[in-house]
$ cat upload_6.cif   # mmCIF, N, CA and C atoms
data_target
#
loop_
_atom_site.group_PDB
_atom_site.id
_atom_site.type_symbol
_atom_site.label_atom_id
_atom_site.label_comp_id
_atom_site.auth_asym_id
_atom_site.auth_seq_id
_atom_site.Cartn_x
_atom_site.Cartn_y
_atom_site.Cartn_z
ATOM 1 N N ALA A 1 114.576 90.753 91.180
ATOM 2 C CA ALA A 1 115.706 89.892 90.892
ATOM 3 C C ALA A 1 116.239 90.150 89.481
ATOM 4 N N ARG A 2 115.474 90.871 88.653
ATOM 5 C CA ARG A 2 115.917 91.155 87.280
ATOM 6 C C ARG A 2 116.809 92.398 87.209
ATOM 7 N N TRP A 3 116.980 93.117 88.315
ATOM 8 C CA TRP A 3 117.758 94.346 88.304
ATOM 9 C C TRP A 3 119.224 94.051 88.063
ATOM 10 N N ARG A 4 119.847 94.855 87.250
ATOM 11 C CA ARG A 4 121.289 94.798 86.989
ATOM 12 C C ARG A 4 121.838 96.201 87.170
ATOM 13 N N PRO A 5 123.113 96.371 87.492
ATOM 14 C CA PRO A 5 123.669 97.708 87.647
ATOM 15 C C PRO A 5 123.435 98.547 86.384
ATOM 16 N N GLY A 6 122.910 99.726 86.585
ATOM 17 C CA GLY A 6 122.635 100.628 85.479
ATOM 18 C C GLY A 6 121.197 100.582 84.993
ATOM 19 N N ASP A 7 120.427 99.566 85.423
ATOM 20 C CA ASP A 7 119.023 99.471 85.023
ATOM 21 C C ASP A 7 118.180 100.443 85.846
ATOM 22 N N ARG A 8 117.070 100.867 85.268
ATOM 23 C CA ARG A 8 116.132 101.733 85.978
ATOM 24 C C ARG A 8 114.969 100.884 86.491
ATOM 25 N N TRP A 9 114.560 101.149 87.738
ATOM 26 C CA TRP A 9 113.488 100.376 88.345
ATOM 27 C C TRP A 9 112.177 100.543 87.601
ATOM 28 N N ALA A 10 111.904 101.758 87.129
ATOM 29 C CA ALA A 10 110.632 102.006 86.443
ATOM 30 C C ALA A 10 110.503 101.135 85.195
ATOM 31 N N ALA A 11 111.585 100.957 84.466
ATOM 32 C CA ALA A 11 111.555 100.133 83.260
ATOM 33 C C ALA A 11 111.335 98.665 83.607
ATOM 34 N N LEU A 12 111.916 98.205 84.693
ATOM 35 C CA LEU A 12 111.748 96.805 85.089
ATOM 36 C C LEU A 12 110.330 96.520 85.577
ATOM 37 N N LEU A 13 109.745 97.479 86.281
ATOM 38 C CA LEU A 13 108.399 97.272 86.791
ATOM 39 C C LEU A 13 107.345 97.457 85.705
ATOM 40 N N ALA A 14 107.671 98.169 84.647
ATOM 41 C CA ALA A 14 106.718 98.412 83.562
ATOM 42 C C ALA A 14 106.516 97.173 82.694
ATOM 43 N N GLU A 15 107.538 96.347 82.550
ATOM 44 C CA GLU A 15 107.418 95.143 81.720
ATOM 45 C C GLU A 15 107.348 93.909 82.608
ATOM 46 N N PRO A 16 106.147 93.381 82.823
ATOM 47 C CA PRO A 16 106.014 92.220 83.707
ATOM 48 C C PRO A 16 106.579 90.956 83.067
ATOM 49 N N SER A 17 107.028 90.072 83.898
ATOM 50 C CA SER A 17 107.532 88.783 83.433
ATOM 51 C C SER A 17 106.341 87.860 83.161
ATOM 52 N N ARG A 18 106.486 86.944 82.221
ATOM 53 C CA ARG A 18 105.421 86.001 81.897
ATOM 54 C C ARG A 18 105.711 84.618 82.465
ATOM 55 N N ASP A 19 106.552 84.548 83.477
ATOM 56 C CA ASP A 19 106.949 83.285 84.084
ATOM 57 C C ASP A 19 105.973 82.923 85.212
ATOM 58 N N TRP A 20 104.864 82.249 84.858
ATOM 59 C CA TRP A 20 103.851 81.931 85.854
ATOM 60 C C TRP A 20 104.347 80.895 86.853
ATOM 61 N N ALA A 21 105.173 79.988 86.422
ATOM 62 C CA ALA A 21 105.727 79.012 87.365
ATOM 63 C C ALA A 21 106.628 79.716 88.380
ATOM 64 N N GLY A 22 107.394 80.699 87.910
ATOM 65 C CA GLY A 22 108.236 81.472 88.825
ATOM 66 C C GLY A 22 107.415 82.227 89.848
ATOM 67 N N TYR A 23 106.280 82.802 89.405
ATOM 68 C CA TYR A 23 105.391 83.478 90.349
ATOM 69 C C TYR A 23 104.869 82.494 91.395
ATOM 70 N N ALA A 24 104.517 81.292 90.965
ATOM 71 C CA ALA A 24 104.017 80.286 91.892
ATOM 72 C C ALA A 24 105.098 79.908 92.908
ATOM 73 N N TYR A 25 106.327 79.749 92.439
ATOM 74 C CA TYR A 25 107.427 79.436 93.361
ATOM 75 C C TYR A 25 107.607 80.539 94.404
ATOM 76 N N LEU A 26 107.511 81.791 93.963
ATOM 77 C CA LEU A 26 107.689 82.901 94.899
ATOM 78 C C LEU A 26 106.529 83.003 95.879
ATOM 79 N N VAL A 27 105.326 82.695 95.441
ATOM 80 C CA VAL A 27 104.178 82.696 96.358
ATOM 81 C C VAL A 27 104.344 81.611 97.405
ATOM 82 N N VAL A 28 104.815 80.445 97.001
ATOM 83 C CA VAL A 28 105.062 79.360 97.958
ATOM 84 C C VAL A 28 106.175 79.763 98.925
ATOM 85 N N ALA A 29 107.231 80.401 98.424
ATOM 86 C CA ALA A 29 108.315 80.854 99.305
ATOM 87 C C ALA A 29 107.797 81.880 100.306
ATOM 88 N N LEU A 30 106.921 82.767 99.867
ATOM 89 C CA LEU A 30 106.349 83.763 100.770
ATOM 90 C C LEU A 30 105.459 83.096 101.815
ATOM 91 N N ALA A 31 104.679 82.106 101.404
ATOM 92 C CA ALA A 31 103.820 81.390 102.354
ATOM 93 C C ALA A 31 104.654 80.649 103.397
ATOM 94 N N VAL A 32 105.728 80.024 102.957
ATOM 95 C CA VAL A 32 106.607 79.325 103.907
ATOM 96 C C VAL A 32 107.265 80.327 104.855
ATOM 97 N N ALA A 33 107.654 81.477 104.349
ATOM 98 C CA ALA A 33 108.268 82.498 105.197
ATOM 99 C C ALA A 33 107.282 82.988 106.258
ATOM 100 N N VAL A 34 106.032 83.191 105.859
ATOM 101 C CA VAL A 34 105.015 83.617 106.828
ATOM 102 C C VAL A 34 104.780 82.528 107.865
ATOM 103 N N LEU A 35 104.767 81.285 107.425
ATOM 104 C CA LEU A 35 104.595 80.166 108.348
ATOM 105 C C LEU A 35 105.744 80.094 109.353
ATOM 106 N N VAL A 36 106.957 80.240 108.855
ATOM 107 C CA VAL A 36 108.131 80.199 109.736
ATOM 108 C C VAL A 36 108.097 81.356 110.723
ATOM 109 N N LEU A 37 107.729 82.540 110.246
ATOM 110 C CA LEU A 37 107.663 83.694 111.146
ATOM 111 C C LEU A 37 106.554 83.544 112.177
ATOM 112 N N GLY A 38 105.478 82.885 111.802
ATOM 113 C CA GLY A 38 104.407 82.640 112.765
ATOM 114 C C GLY A 38 104.842 81.691 113.870
ATOM 115 N N GLN A 39 105.692 80.735 113.540
ATOM 116 C CA GLN A 39 106.159 79.760 114.518
ATOM 117 C C GLN A 39 107.363 80.256 115.322
ATOM 118 N N ALA A 40 108.227 81.022 114.684
ATOM 119 C CA ALA A 40 109.457 81.490 115.343
ATOM 120 C C ALA A 40 109.743 82.927 114.915
ATOM 121 N N PRO A 41 109.147 83.900 115.599
ATOM 122 C CA PRO A 41 109.314 85.305 115.210
ATOM 123 C C PRO A 41 110.767 85.801 115.224
ATOM 124 N N ALA A 42 111.650 85.074 115.852
ATOM 125 C CA ALA A 42 113.048 85.499 115.898
ATOM 126 C C ALA A 42 113.699 85.449 114.512
ATOM 127 N N PHE A 43 113.104 84.737 113.580
ATOM 128 C CA PHE A 43 113.648 84.642 112.222
ATOM 129 C C PHE A 43 113.346 85.873 111.374
ATOM 130 N N VAL A 44 112.738 86.890 111.961
ATOM 131 C CA VAL A 44 112.408 88.101 111.216
ATOM 132 C C VAL A 44 113.660 88.746 110.613
ATOM 133 N N VAL A 45 114.811 88.482 111.177
ATOM 134 C CA VAL A 45 116.066 89.033 110.676
ATOM 135 C C VAL A 45 116.540 88.270 109.430
ATOM 136 N N VAL A 46 116.273 86.991 109.363
ATOM 137 C CA VAL A 46 116.794 86.127 108.317
ATOM 138 C C VAL A 46 115.861 86.008 107.110
ATOM 139 N N VAL A 47 114.566 86.056 107.337
ATOM 140 C CA VAL A 47 113.583 85.771 106.289
ATOM 141 C C VAL A 47 113.676 86.707 105.080
ATOM 142 N N PRO A 48 113.881 88.015 105.232
ATOM 143 C CA PRO A 48 113.994 88.840 104.018
ATOM 144 C C PRO A 48 115.131 88.402 103.098
ATOM 145 N N GLY A 49 116.244 88.018 103.656
ATOM 146 C CA GLY A 49 117.358 87.532 102.849
ATOM 147 C C GLY A 49 117.015 86.239 102.132
ATOM 148 N N LEU A 50 116.269 85.371 102.798
ATOM 149 C CA LEU A 50 115.858 84.118 102.164
ATOM 150 C C LEU A 50 114.885 84.377 101.017
ATOM 151 N N LEU A 51 114.010 85.367 101.165
ATOM 152 C CA LEU A 51 113.079 85.700 100.083
ATOM 153 C C LEU A 51 113.817 86.297 98.886
ATOM 154 N N VAL A 52 114.827 87.109 99.147
ATOM 155 C CA VAL A 52 115.639 87.642 98.044
ATOM 156 C C VAL A 52 116.391 86.509 97.361
ATOM 157 N N PHE A 53 116.918 85.594 98.145
ATOM 158 C CA PHE A 53 117.603 84.426 97.584
ATOM 159 C C PHE A 53 116.658 83.615 96.694
ATOM 160 N N ALA A 54 115.416 83.429 97.139
ATOM 161 C CA ALA A 54 114.433 82.691 96.343
ATOM 162 C C ALA A 54 114.122 83.425 95.037
ATOM 163 N N ALA A 55 114.009 84.754 95.106
ATOM 164 C CA ALA A 55 113.713 85.533 93.899
ATOM 165 C C ALA A 55 114.852 85.442 92.890
ATOM 166 N N VAL A 56 116.066 85.496 93.362
ATOM 167 C CA VAL A 56 117.216 85.384 92.466
ATOM 168 C C VAL A 56 117.296 83.978 91.875
ATOM 169 N N ALA A 57 117.010 82.970 92.679
ATOM 170 C CA ALA A 57 117.046 81.596 92.190
ATOM 171 C C ALA A 57 115.984 81.366 91.114
ATOM 172 N N VAL A 58 114.808 81.929 91.285
ATOM 173 C CA VAL A 58 113.741 81.779 90.290
ATOM 174 C C VAL A 58 114.137 82.500 89.002
ATOM 175 N N GLU A 59 114.724 83.670 89.140
ATOM 176 C CA GLU A 59 115.132 84.440 87.947
ATOM 177 C C GLU A 59 116.229 83.730 87.171
ATOM 178 N N ARG A 60 117.143 83.054 87.859
ATOM 179 C CA ARG A 60 118.294 82.434 87.185
ATOM 180 C C ARG A 60 118.037 81.019 86.713
ATOM 181 N N ARG A 61 116.883 80.448 87.016
ATOM 182 C CA ARG A 61 116.633 79.052 86.638
ATOM 183 C C ARG A 61 116.349 78.899 85.163
#

$ encode --input "upload_6.cif" --output "structure tokens"
Amino acid sequence: ARWRPGDRWAALLAEPSRDWAGYAYLVVALAVAVLVLGQAPAFVVVVPGLLVFAAVAVERR
């Protein structure tokens, strides 16, 4: 979610974020996504977009 046009992926992955609350939010979002997919596998099309949305929301908060 930290990527901007012109940035290199290697540089972004080399410097980890220190936002532990953000990591916790993303882990909870991933757990909810797995739960939803376990109950309704048809959401496999929608869930990746929701996880990206969650990552962007955590980055912008």

$ closest_residue --input "upload_6.cif" --among "A:Ala11, A:Ala21, A:Val56, A:Val47" --to "A:Val34" --atoms "only C-alpha atoms"
A:Val47

$ atom_distance --input "upload_6.cif" --atom1 "atom CA of A:Tyr23" --atom2 "atom CA of A:Leu50"
15.8 Å

$ resolve_selection --input "upload_6.cif" --expression "the PyMOL selection byres (((chain A and resi 22 and name CA) around 10) and name CA)" --output "ChimeraX atom specification"
/A:17-21,23-28,54-55,57-59,61

$ select_by_dssp --input "upload_6.cif" --residues "chain A" --states "alpha helix (DSSP H)" --output "JSON, numbers by chain"
{"A": [9, 10, 11, 12, 13, 14, 20, 21, 22, 23, 24, 25, 26, 27, 28, 29, 30, 31, 32, 33, 34, 35, 36, 37, 38, 39, 47, 48, 49, 50, 51, 52, 53, 54, 55, 56, 57, 58, 59, 60]}

$ axis_aligned_box --input "upload_6.cif" --around "stretch 53-56 of chain A" --padding-each-side "6 Å" --output "JSON"
{"center_x": 115.7, "center_y": 84.1, "center_z": 95.0, "size_x": 15.9, "size_y": 14.9, "size_z": 18.3}
